[in-house]
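So this one's structure09.txt, compact mmCIF, C-alpha atoms:
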```txt
# COMPACT_ATOMS: atom_id res chain seq x y z
CA MET A 1 15.36 23.03 8.17
CA LEU A 2 14.44 23.12 4.50
CA THR A 3 16.10 25.72 2.32
CA ASP A 4 14.69 27.37 -0.79
CA LYS A 5 16.51 24.75 -2.85
CA LEU A 6 14.88 21.85 -0.99
CA GLU A 7 11.21 21.86 -1.77
CA ARG A 8 8.77 19.94 0.37
CA ARG A 9 7.94 16.56 -1.09
CA ARG A 10 4.17 16.39 -1.17
CA ALA A 11 1.42 14.62 -3.07
CA VAL A 12 -2.35 14.52 -3.07
CA ILE A 13 -4.33 11.52 -4.31
CA SER A 14 -8.06 11.36 -4.98
CA ARG A 15 -9.32 7.85 -5.71
CA LYS A 16 -12.99 7.18 -6.35
CA THR A 17 -14.41 3.85 -7.49
CA THR A 18 -17.79 2.15 -7.19
CA GLU A 19 -16.42 0.55 -4.01
CA THR A 20 -14.49 3.30 -2.23
CA SER A 21 -13.87 7.04 -2.02
CA ILE A 22 -10.45 8.16 -0.79
CA GLU A 23 -8.77 11.54 -0.35
CA LEU A 24 -5.15 11.28 0.79
CA ALA A 25 -2.37 13.84 1.17
CA ILE A 26 1.21 13.14 2.24
CA ASP A 27 4.10 15.44 3.13
CA LEU A 28 7.40 13.59 3.48
CA GLU A 29 8.81 16.51 5.47
CA GLY A 30 6.19 16.24 8.19
CA GLY A 31 2.98 17.92 9.21
CA PRO A 32 -0.43 17.13 10.69
CA ILE A 33 -1.67 13.56 10.93
CA GLU A 34 -5.39 12.97 10.52
CA VAL A 35 -6.67 9.53 9.54
CA ALA A 36 -10.30 8.45 9.20
CA THR A 37 -10.94 5.35 7.08
CA SER A 38 -14.00 4.00 8.96
CA VAL A 39 -11.86 0.98 9.98
CA ASP A 40 -10.58 1.86 13.45
CA PHE A 41 -7.66 -0.56 13.56
CA LEU A 42 -6.48 0.56 10.13
CA ASP A 43 -6.64 4.16 11.38
CA HIS A 44 -4.46 3.14 14.32
CA MET A 45 -1.88 1.45 12.06
CA ILE A 46 -1.71 4.26 9.46
CA THR A 47 -1.41 6.85 12.22
CA ALA A 48 1.49 4.83 13.67
CA PHE A 49 3.10 4.70 10.23
CA ALA A 50 2.83 8.48 9.81
CA LYS A 51 4.11 9.20 13.31
CA HIS A 52 7.12 6.91 13.10
CA SER A 53 8.04 7.81 9.51
CA GLY A 54 7.92 11.53 10.31
CA CYS A 55 5.44 12.18 7.49
CA GLY A 56 2.46 14.47 7.53
CA LEU A 57 -0.54 12.47 6.40
CA THR A 58 -4.24 13.07 6.03
CA VAL A 59 -6.61 10.31 4.93
CA ARG A 60 -10.37 10.46 4.46
CA ALA A 61 -11.89 7.24 3.19
CA SER A 62 -15.24 5.53 2.99
CA GLY A 63 -16.17 2.19 1.47
CA ASP A 64 -18.89 -0.29 0.68
CA GLY A 65 -18.49 -2.26 3.91
CA MET A 66 -17.73 -5.54 2.12
CA ASP A 67 -15.70 -7.06 5.00
CA ASN A 68 -13.53 -3.94 4.63
CA HIS A 69 -11.41 -5.68 1.98
CA HIS A 70 -11.91 -2.96 -0.62
CA ILE A 71 -11.23 0.01 1.64
CA ILE A 72 -8.09 -1.49 3.17
CA GLU A 73 -6.63 -2.37 -0.22
CA ASP A 74 -7.64 0.94 -1.83
CA VAL A 75 -6.15 3.00 1.00
CA GLY A 76 -2.92 1.05 0.42
CA ILE A 77 -3.10 1.85 -3.29
CA ALA A 78 -3.65 5.55 -2.59
CA LEU A 79 -0.82 5.67 -0.05
CA GLY A 80 1.55 3.94 -2.47
CA LYS A 81 0.66 6.32 -5.30
CA ALA A 82 1.14 9.31 -3.01
CA VAL A 83 4.57 8.07 -1.89
CA HIS A 84 5.60 7.52 -5.51
CA ASP A 85 4.46 10.99 -6.57
CA ALA A 86 6.00 12.73 -3.54
CA LEU A 87 9.41 11.10 -4.09
CA GLY A 88 9.64 12.34 -7.68
CA ASP A 89 12.92 11.32 -9.33
CA LYS A 90 14.42 10.41 -5.90
CA ARG A 91 17.42 12.69 -6.23
CA GLY A 92 19.32 13.18 -3.00
CA VAL A 93 17.69 10.39 -0.99
CA VAL A 94 19.47 7.71 1.00
CA ARG A 95 17.41 5.04 -0.84
CA PHE A 96 17.85 2.16 1.64
CA GLY A 97 16.56 1.65 5.16
CA SER A 98 16.59 -1.31 7.55
CA ILE A 99 15.56 -1.78 11.16
CA MET A 100 14.17 -4.26 13.68
CA VAL A 101 11.34 -2.95 15.84
CA PRO A 102 10.16 -4.59 19.08
CA LEU A 103 6.72 -4.29 20.65
CA ASP A 104 6.72 -6.30 23.84
CA GLU A 105 7.06 -9.96 22.72
CA ALA A 106 6.80 -9.07 19.02
CA LEU A 107 9.85 -8.30 16.91
CA VAL A 108 9.64 -7.42 13.22
CA ALA A 109 12.46 -6.64 10.78
CA ALA A 110 11.91 -4.29 7.86
CA SER A 111 14.10 -3.37 4.91
CA VAL A 112 13.13 -0.79 2.28
CA ASP A 113 14.68 0.03 -1.09
CA LEU A 114 13.26 2.90 -3.13
CA SER A 115 14.24 0.83 -6.13
CA GLY A 116 11.51 1.64 -8.63
CA ARG A 117 10.83 -2.12 -8.70
CA PRO A 118 7.79 -3.28 -6.73
CA TYR A 119 8.50 -6.30 -4.55
CA LEU A 120 7.06 -7.47 -1.24
CA ASN A 121 8.47 -10.23 0.93
CA PHE A 122 5.84 -10.49 3.69
CA ARG A 123 6.65 -13.15 6.26
CA VAL A 124 4.31 -12.19 9.07
CA SER A 125 1.63 -14.44 10.53
CA PHE A 126 -1.29 -13.96 12.88
CA LEU A 127 -3.04 -16.23 15.37
CA ARG A 128 -6.31 -14.31 15.04
CA GLU A 129 -8.47 -13.75 11.98
CA GLU A 130 -9.44 -10.17 12.84
CA LEU A 131 -8.11 -7.12 14.63
CA GLY A 132 -11.27 -5.19 15.36
CA GLU A 133 -12.91 -4.85 11.94
CA MET A 134 -9.66 -5.43 10.06
CA PRO A 135 -9.15 -8.99 8.74
CA THR A 136 -5.56 -10.01 9.45
CA GLU A 137 -5.35 -11.58 5.97
CA MET A 138 -5.59 -7.99 4.65
CA VAL A 139 -2.41 -6.81 6.39
CA GLY A 140 -0.22 -8.37 3.73
CA GLU A 141 -2.57 -7.15 1.00
CA PHE A 142 -2.29 -3.61 2.34
CA PHE A 143 1.49 -3.73 2.17
CA ARG A 144 1.32 -5.29 -1.30
CA ALA A 145 -0.87 -2.42 -2.49
CA VAL A 146 1.58 0.11 -1.03
CA THR A 147 4.70 -1.49 -2.52
CA ASP A 148 3.14 -2.08 -5.95
CA ASN A 149 2.01 1.52 -6.27
CA ALA A 150 4.98 3.19 -4.58
CA LYS A 151 7.28 1.01 -6.71
CA ILE A 152 9.46 0.10 -3.78
CA THR A 153 10.96 -3.10 -2.39
CA LEU A 154 9.85 -4.06 1.11
CA HIS A 155 10.86 -7.02 3.24
CA LEU A 156 8.81 -7.49 6.42
CA ILE A 157 9.91 -10.47 8.49
CA GLN A 158 8.47 -11.47 11.85
CA MET A 159 11.24 -12.56 14.17
CA ASN A 160 9.04 -13.20 17.21
CA GLY A 161 5.59 -12.58 18.58
CA HIS A 162 2.20 -14.19 19.15
CA ILE A 163 -0.13 -11.35 20.13
CA ALA A 164 -1.68 -10.30 16.82
CA HIS A 165 -2.08 -6.65 17.78
CA HIS A 166 1.59 -6.39 18.72
CA VAL A 167 2.79 -8.22 15.60
CA CYS A 168 0.75 -6.00 13.30
CA GLU A 169 1.73 -2.78 15.02
CA ALA A 170 5.41 -3.74 15.06
CA SER A 171 5.12 -4.40 11.30
CA PHE A 172 3.74 -0.96 10.57
CA LYS A 173 6.25 0.75 12.84
CA ALA A 174 9.16 -1.20 11.37
CA PHE A 175 8.07 -0.23 7.86
CA ALA A 176 7.74 3.38 8.99
CA ARG A 177 11.21 3.55 10.52
CA ALA A 178 12.90 1.85 7.56
CA PHE A 179 10.99 4.10 5.17
CA ALA A 180 12.10 7.18 7.12
CA GLN A 181 15.73 6.12 6.71
CA ALA A 182 15.29 5.53 2.99
CA ILE A 183 13.62 8.87 2.20
CA ALA A 184 16.08 10.92 4.26
CA ARG A 185 17.93 13.57 2.28
CA THR A 186 21.66 13.23 1.73
CA GLY A 187 22.32 16.87 0.90
CA ASP A 188 23.34 16.22 -2.71
CA SER A 189 21.35 16.01 -5.93
CA ASP A 190 22.48 12.63 -7.21
CA VAL A 191 20.17 9.72 -7.95
CA PRO A 192 21.47 6.90 -5.69
CA SER A 193 21.93 4.37 -8.46
CA THR A 194 24.70 3.47 -10.89
CA LYS A 195 21.95 3.50 -13.55
CA GLY A 196 21.33 7.19 -12.94
CA VAL A 197 17.61 6.57 -12.49
CA LEU A 198 15.33 4.83 -9.99
```
Please rewrite the model in this file as structure tokens.
Amino acid sequence: MLTDKLERRRAVISRKTTETSIELAIDLEGGPIEVATSVDFLDHMITAFAKHSGCGLTVRASGDGMDNHHIIEDVGIALGKAVHDALGDKRGVVRFGSIMVPLDEALVAASVDLSGRPYLNFRVSFLREELGEMPTEMVGEFFRAVTDNAKITLHLIQMNGHIAHHVCEASFKAFARAFAQAIARTGDSDVPSTKGVL
């Protein structure tokens, strides 16, 4: 339970370009999950992320339909910005999270550091070019957009798997679980860094 001294960590992002229109709200303490990006498989993956990270998340997005590249990347940008804003100065968070998540034959390892330094190590491959209307080449670009804008470090490493759906879903769920560990509250007000800032 949150006390009066522990405010909910929330953020709202509105991103409008000539290519996309996105409204996104995140609550790191939980809440409703409603995702509609017009790309069904992306909806499935972002919903899985919200569910397994314990975050409340609403996303409304529309795009220009250009092979869905723009909308997938821009939703990643908006999600990253929202995470960054919701975390604030990162006082009292664990900071690090690591896990391996299986999904049938697929196994993906994820490690997260709320470092303030964007870095993505994405070592995941797919045997199909598309998952529904989502190009698999955009999975890594989505995570790059998130990490760059959230200013976090993320390692996603495929340990096993050949079914593209399973590999992708295990990646999102692994990220979600590692992220949940990293954003967990410690009960103190320190910034978890010898620098005093993240």
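If all atoms listed in the file are the atoms counted, then among A:Asp64, A:Asp104, A:Asp74, A:Glu141 the closest residue to Leu120 of chain A is A:Glu141.
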- Message: So that I can check the surroundings of Thr17 of chain A, please list as number ranges by chain every protein, DNA and RNA residue that reaches within 12 Å of it, counting all atoms listed in the file and ignoring chain neighbours fewer than 6 positions away.
- Response: A: 23, 61-64, 70-71, 74-75, 78
- Item | Point-to-point distance from atom CA of Gly97 of chain A to atom CA of Cys55 of chain A, Å rounded to tenths | 15.5 Å
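Atom CA of Leu28 of chain A lies 8.2 Å from atom CA of Leu87 of chain A.
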- Item | Point (11.1, 10.8, -10.6), cut-off 10 Å, counting only C-alpha atoms, residues as a ChimeraX atom specification | /A:84-91,116,191,197-198
- Task: Take atom CA of His166 of chain A and atom CA of Ile99 of chain A and report the distance between them in Å, one decimal.
- Result: 16.5 Å
- Can you work out which one of A:Arg128, A:Arg123, A:Arg144, A:Arg15 has the shortest atom-to-atom distance to Met159 of chain A, counting all atoms listed in the file? A:Arg123
- Sphere at (-15.9, 4.3, 7.3), radius 12 Å, counting only C-alpha atoms: residues as a PyMOL selection string: chain A and resi 19-22+35-43+59-68+70-72+75+133-134
Contacts of segment 67-175 of chain A with segment 49-52 of chain A up to 8 Å, shortest pair per row, all atoms listed in the file, as JSON lines:
```
{"residue": "A:Phe172", "atom": "CA", "partner": "A:Phe49", "partner_atom": "CA", "distance": 5.7}
{"residue": "A:Lys173", "atom": "CA", "partner": "A:Phe49", "partner_atom": "CA", "distance": 5.7}
{"residue": "A:Phe175", "atom": "CA", "partner": "A:Phe49", "partner_atom": "CA", "distance": 7.4}
```
- Task: Compare A:Ala176, A:Val101, A:Ile13, A:Ile183 by their minimum atom-to-atom distance to Thr47 of chain A, counting only C-alpha atoms, and give me the closest one.
- Result: A:Ala176
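Each of A:Phe126, A:Tyr119, A:Phe142, A:Ala182 was checked against Leu154 of chain A using only C-alpha atoms; the smallest atom-to-atom distance is that of A:Tyr119.
You can rank A:Ala48, A:Leu103, A:Met138, A:Ala145 by their closest distance to Arg177 of chain A using all atoms listed in the file, and at the top of that list sits A:Ala48.
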- Counting only C-alpha atoms, which of A:Ala11, A:Pro102, A:Thr147, A:Val93 gets nearest to Thr58 of chain A? A:Ala11
Restore N, CA, C and O atoms in segment 177-188 of chain A and list the result as an mmCIF file, in the coordinates of the input.
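What ended up in selection-v2.cif:
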```
data_model
loop_
_atom_site.group_PDB
_atom_site.id
_atom_site.type_symbol
_atom_site.label_atom_id
_atom_site.label_comp_id
_atom_site.auth_asym_id
_atom_site.auth_seq_id
_atom_site.Cartn_x
_atom_site.Cartn_y
_atom_site.Cartn_z
ATOM 1 N N ARG A 177 9.845 3.159 10.166
ATOM 2 C CA ARG A 177 11.210 3.550 10.520
ATOM 3 C C ARG A 177 12.194 3.279 9.379
ATOM 4 O O ARG A 177 13.095 4.085 9.105
ATOM 5 N N ALA A 178 12.030 2.148 8.702
ATOM 6 C CA ALA A 178 12.900 1.850 7.560
ATOM 7 C C ALA A 178 12.632 2.821 6.417
ATOM 8 O O ALA A 178 13.557 3.286 5.743
ATOM 9 N N PHE A 179 11.370 3.140 6.203
ATOM 10 C CA PHE A 179 10.990 4.100 5.170
ATOM 11 C C PHE A 179 11.576 5.479 5.478
ATOM 12 O O PHE A 179 12.088 6.162 4.576
ATOM 13 N N ALA A 180 11.533 5.888 6.732
ATOM 14 C CA ALA A 180 12.100 7.180 7.120
ATOM 15 C C ALA A 180 13.595 7.258 6.805
ATOM 16 O O ALA A 180 14.096 8.288 6.342
ATOM 17 N N GLN A 181 14.311 6.159 7.058
ATOM 18 C CA GLN A 181 15.730 6.120 6.710
ATOM 19 C C GLN A 181 15.932 6.260 5.207
ATOM 20 O O GLN A 181 16.814 6.992 4.752
ATOM 21 N N ALA A 182 15.114 5.556 4.443
ATOM 22 C CA ALA A 182 15.290 5.530 2.990
ATOM 23 C C ALA A 182 14.999 6.870 2.331
ATOM 24 O O ALA A 182 15.666 7.248 1.372
ATOM 25 N N ILE A 183 13.997 7.600 2.833
ATOM 26 C CA ILE A 183 13.620 8.870 2.200
ATOM 27 C C ILE A 183 14.425 10.057 2.710
ATOM 28 O O ILE A 183 14.294 11.172 2.195
ATOM 29 N N ALA A 184 15.281 9.822 3.708
ATOM 30 C CA ALA A 184 16.080 10.920 4.260
ATOM 31 C C ALA A 184 16.939 11.553 3.179
ATOM 32 O O ALA A 184 17.435 10.870 2.272
ATOM 33 N N ARG A 185 17.131 12.844 3.262
ATOM 34 C CA ARG A 185 17.930 13.570 2.280
ATOM 35 C C ARG A 185 19.412 13.470 2.611
ATOM 36 O O ARG A 185 19.815 13.508 3.769
ATOM 37 N N THR A 186 20.213 13.348 1.556
ATOM 38 C CA THR A 186 21.660 13.230 1.730
ATOM 39 C C THR A 186 22.373 14.576 1.636
ATOM 40 O O THR A 186 23.535 14.691 2.001
ATOM 41 N N GLY A 187 21.705 15.566 1.076
ATOM 42 C CA GLY A 187 22.320 16.870 0.900
ATOM 43 C C GLY A 187 22.887 17.086 -0.486
ATOM 44 O O GLY A 187 23.368 18.166 -0.806
ATOM 45 N N ASP A 188 22.867 16.048 -1.332
ATOM 46 C CA ASP A 188 23.340 16.220 -2.710
ATOM 47 C C ASP A 188 22.161 16.047 -3.665
ATOM 48 O O ASP A 188 21.020 15.860 -3.235
#
```
